[in-house]
Structures are given as structure tokens and as C-alpha cells.
Amino acid sequence: MYIIGDIGNTETKICLVSSKNRIIKKIVFLTKNINHIKLNKFFSNFKLDYKKIEKILFCSVVPKSFNLIKKFLLKKTKTKCYEVKNLNLKSMIKIKVNYKQVGSDRLVNAISLMNNKNNFIILDFGTATTFDVLIKDTYSGGIIAPGIKLSLNTLSDKATLIPKINLKKIKNVIGKDTISAVRSGFFWGYAGLIDNIINLIKKETRKSFKVIITGGFSDLFKNSINTEVSHNKDITINGLIKVLKLIR
């Protein structure tokens with residue numbers, strides 16, 4: 001059996017995977033809650049025989065949290081715990097960016113989709129809103145925009161008269177009160193940002209793309225923009241399963 005995980009700024013997902021690459025169980029928790037006591041509680045849900053774990057692989061954008069999980073697992077099992085960028089990812093995908101600066105999750109997402117035939121734009125609604133450009137077998141770079149939830153919270157924290165707001169789909173552009181005005185600004189503003197950036201990528205590359213969306217607000221925008229998209233919530237986990245073969 002294998003343990004794989006995606007450690008993000010907000011959420012951490014950890015999966016128990018069979019030797020036939022089937023997801024047996026998944027747990028999701030807030031990254032800020034990671035400590036030894038909580039990890040004992042989280043991993044108890046797997047009811048693991050740690051002696052049967054053959055491979056452990058994570059992608060992480062939070063080094064401190066990865067190190068905590070790594071130390072925890074080293075006490076439970078003798079199996080080495082890898083972070084994907086410690087492996088030879090360049091044997092799986094061509095990378096045309098500064099390798100040290102691109103997030104592990106973004107490379108794994110590209111590997112998840114890569115088929116050497118199609119071009120993809122991967123739009124991830126996470127702590128940041130990211131666009132990643134995959135041209136056949138080459139990760140060509142991307143765009144990082146402010147995350148929707150982070151921006152909403154910052155606005156309400158800094159503007160005394162603006163309350164905490166849950167973003168939802170709305171029909172009207174012109175707001176009639178503070179809440180509807182803010183919702184309009186964020187909903188239609190991000191819808192416009194998404195379409196515009198996708199169109200600019202197409203213009204700059206002179207190529208056509210399949211657009212894949214994932215992450216927290218992907219449900220909200222999947223039918224609310226002009227661009228045709230496909231929804232894939234497990235893109236990172238599926239990419240990690242592909243990368244497992246690099247561990248010998």
C-alpha cells in the first residue's frame with residue numbers, strides 16, 4: 001500500500017492507495033491544524049498496518065507542515081517519505097520554468113493530465129487562483145492571481161462597513177446593497193478575469209486548449225464563464241499516483 005498527500009496552504013488531503021493504484025480512503029483537514037497529536041487522530045482513521053506501506057509521496061507548498069508529517073511517518077514506518085520535487089520529474093515532463101519556484105502541486109497537476117496530444121490550461125481555485133499552461137508534454141508556465149476567499153476576507157478585514165460574505169452565483173451585475181454589490185464585484189469580476197486570462201493565453205501561444213478547473217470555487221464558476229471547461233476535483237491526487245512510479 002501507498003500513502004500520498006497534497007499539502008496546500010489551506011487544506012491537506014491524504015490518501016491511502018492500493019498497490020493497484022486504487023484510492024482506498026481519503027482524509028481532508030486544515031493545514032493549520034497539523035501537529036503530532038492531530039496527526040495521530042487523523043491517521044487513526046486509516047487503521048493502518050504501517051509495515052505494509054511501501055511508498056510515501058507528498059506534494060507540498062508548506063515545508064513546515066510537510067516536515068511535521070514526514071517526522072510523524074518516520075516514527076511509524078521505515079519507508080522513506082518523498083516530496084515530489086525530490087524526484088526526477090523532468091523524466092516525466094518537460095519544464096520551461098524556474099524549477100525551484102514553481103509549486104509542486106502545479107507540476108503534479110500537469111503530469112496528471114499530460115497525454116502528449118492535447119494542450120491544457122489548468123485553473124485551480126485555491127488560496128491563490130492559478131492558471132497553468134501545459135502544451136503537449138511541456139509545462140510552459142502560468143499565472144498567479146489573488147485567491148477569491150483570501151481577497152474576500154481581506155476586504156472585510158480592512159473595510160469596517162463590509163461584513164463577511166459567502167460568495168454565490170448572482171444574476172444581476174448592479175448591486176442594491178453592500179452584500180449584493182460585493183458579491184457582484186467578486187463573482188462577475190473573477191468570471192471576467194478567468195475568461196480574459198484564458199483568451200490572452202490562447203492569443204499569446206496561438207494554440208487551442210482544453211480547460212480543466214479544480215479547487216474550492218470551481219463548482220461556482222464551472223457554468224458561469226464563457227469558456228467551456230471540464231471539472232476535475234481529484235487532479236492532484238491522480239497526478240501523485242502517476243508520479244509514484246518514480247519511487248523505486
# chains A, B, ... in the order shown; residues from 1 in each chain; ligands from 1

call {"tool": "residues_around", "arguments": {"residues": "Lys207 (chain A)", "least_positions_apart": "6", "cutoff": "9 Å", "atoms": "only C-alpha atoms", "output": "compact mmCIF listing (two decimals) with N, CA and C atoms, in the first residue's frame"}}
result
# COMPACT_ATOMS: atom_id res chain seq x y z
N ASN A 119 -3.36 20.16 -25.51
CA ASN A 119 -2.88 21.27 -24.70
C ASN A 119 -3.91 21.57 -23.62
N ILE A 135 1.47 22.41 -22.70
CA ILE A 135 1.45 22.24 -24.15
C ILE A 135 2.06 20.88 -24.48
N ILE A 201 -3.93 33.78 -22.98
CA ILE A 201 -3.04 32.63 -23.15
C ILE A 201 -3.16 32.08 -24.57

call {"tool": "select_by_dssp", "arguments": {"residues": "region 127-235 of chain A", "states": "alpha helix (DSSP H)", "output": "tab-separated table (two decimals) with C-alpha atoms, in the first residue's frame"}}
result
chain	number	residue	atom	x	y	z
A	148	ILE	CA	-11.09	34.54	-4.11
A	149	LYS	CA	-11.61	33.66	-0.45
A	150	LEU	CA	-8.41	35.40	0.60
A	151	SER	CA	-9.45	38.55	-1.26
A	152	LEU	CA	-12.96	38.46	0.22
A	153	ASN	CA	-11.61	38.08	3.75
A	154	THR	CA	-9.03	40.83	3.24
A	155	LEU	CA	-11.72	43.23	2.03
A	156	SER	CA	-13.97	42.61	5.03
A	157	ASP	CA	-10.99	42.81	7.43
A	158	LYS	CA	-9.79	46.15	6.02
A	178	THR	CA	-23.44	46.28	0.27
A	179	ILE	CA	-23.65	42.49	0.21
A	180	SER	CA	-25.04	42.23	-3.33
A	181	ALA	CA	-22.55	44.83	-4.57
A	182	VAL	CA	-19.60	42.91	-3.14
A	183	ARG	CA	-20.95	39.60	-4.44
A	184	SER	CA	-21.33	41.12	-7.89
A	185	GLY	CA	-17.82	42.54	-7.84
A	186	PHE	CA	-16.24	39.24	-6.90
A	187	PHE	CA	-18.47	36.91	-8.93
A	188	TRP	CA	-18.52	38.88	-12.19
A	189	GLY	CA	-15.04	40.27	-11.60
A	190	TYR	CA	-13.48	36.82	-11.32
A	191	ALA	CA	-15.61	35.48	-14.17
A	192	GLY	CA	-14.19	38.26	-16.35
A	193	LEU	CA	-10.65	37.68	-15.08
A	194	ILE	CA	-10.89	33.97	-15.89
A	195	ASP	CA	-12.19	34.45	-19.44
A	196	ASN	CA	-9.74	37.24	-20.16
A	197	ILE	CA	-6.65	35.36	-18.97
A	198	ILE	CA	-7.65	32.23	-20.90
A	199	ASN	CA	-8.13	34.30	-24.06
A	200	LEU	CA	-4.77	36.02	-23.55
A	201	ILE	CA	-3.04	32.63	-23.15
A	202	LYS	CA	-4.61	31.46	-26.42
A	203	LYS	CA	-3.58	34.68	-28.17
A	204	GLU	CA	0.00	34.55	-26.90
A	205	THR	CA	0.56	30.86	-27.70
A	218	SER	CA	-14.63	25.57	-9.18
A	219	ASP	CA	-18.25	24.48	-8.63
A	220	LEU	CA	-19.33	28.13	-8.60
A	221	PHE	CA	-17.64	29.10	-11.85
A	235	ILE	CA	-6.44	16.11	-10.46

call {"tool": "closest_residue", "arguments": {"among": "A:Lys94, A:Lys75, A:Lys47, A:His231", "to": "Thr138 (chain A)", "atoms": "only C-alpha atoms"}}
result
A:Lys94

call {"tool": "residues_around", "arguments": {"residues": "Thr129 (chain A)", "least_positions_apart": "5", "cutoff": "6 Å", "atoms": "only C-alpha atoms", "output": "PyMOL selection string"}}
result
chain A and resi 124+144-147

call {"tool": "closest_residue", "arguments": {"among": "A:Cys15, A:Val102, A:Ile69, A:Ile34", "to": "Phe46 (chain A)", "atoms": "only C-alpha atoms"}}
result
A:Cys15

call {"tool": "closest_residue", "arguments": {"among": "A:Ile37, A:Ile53, A:Leu89, A:Val243", "to": "Leu68 (chain A)", "atoms": "only C-alpha atoms"}}
result
A:Ile37

call {"tool": "select_by_dssp", "arguments": {"residues": "chain A", "states": "strand (DSSP E or B)", "output": "PyMOL selection string"}}
result
chain A and resi 2-7+11-17+23-30+55-60+81-83+94-95+119-125+128-135+138-146+210-215+229-231

call {"tool": "residues_around", "arguments": {"residues": "Ser18 (chain A)", "least_positions_apart": "6", "cutoff": "10 Å", "atoms": "only C-alpha atoms", "output": "short mmCIF file (atom, residue, chain, number, x, y, z; two decimals) with C-alpha atoms, in the first residue's frame"}}
result
data_model
loop_
_atom_site.label_atom_id
_atom_site.label_comp_id
_atom_site.auth_asym_id
_atom_site.auth_seq_id
_atom_site.Cartn_x
_atom_site.Cartn_y
_atom_site.Cartn_z
CA MET A 1 0.00 0.00 0.00
CA TYR A 2 0.99 3.63 -0.52
CA ILE A 3 0.38 6.92 1.29
CA ILE A 24 -8.88 3.13 -0.54
CA LYS A 25 -9.54 6.05 1.79
CA ILE A 53 3.35 0.80 3.49
CA GLU A 54 5.70 0.54 0.50
#

call {"tool": "closest_residue", "arguments": {"among": "A:Thr79, A:Asn86, A:Asn232, A:Ser208", "to": "Val133 (chain A)", "atoms": "only C-alpha atoms"}}
result
A:Ser208

call {"tool": "atom_distance", "arguments": {"atom1": "CA of Ile95 (chain A)", "atom2": "CA of Lys80 (chain A)"}}
result
25.7 Å

call {"tool": "residues_around", "arguments": {"residues": "Val62 (chain A)", "least_positions_apart": "2", "cutoff": "12 Å", "atoms": "only C-alpha atoms", "output": "VMD selection string"}}
result
chain A and resid 6 to 12 31 to 32 34 58 to 60 64 to 69 83 103 to 105

call {"tool": "closest_residue", "arguments": {"among": "A:Lys117, A:Lys100, A:Arg206, A:Lys70", "to": "Lys136 (chain A)", "atoms": "only C-alpha atoms"}}
result
A:Lys117
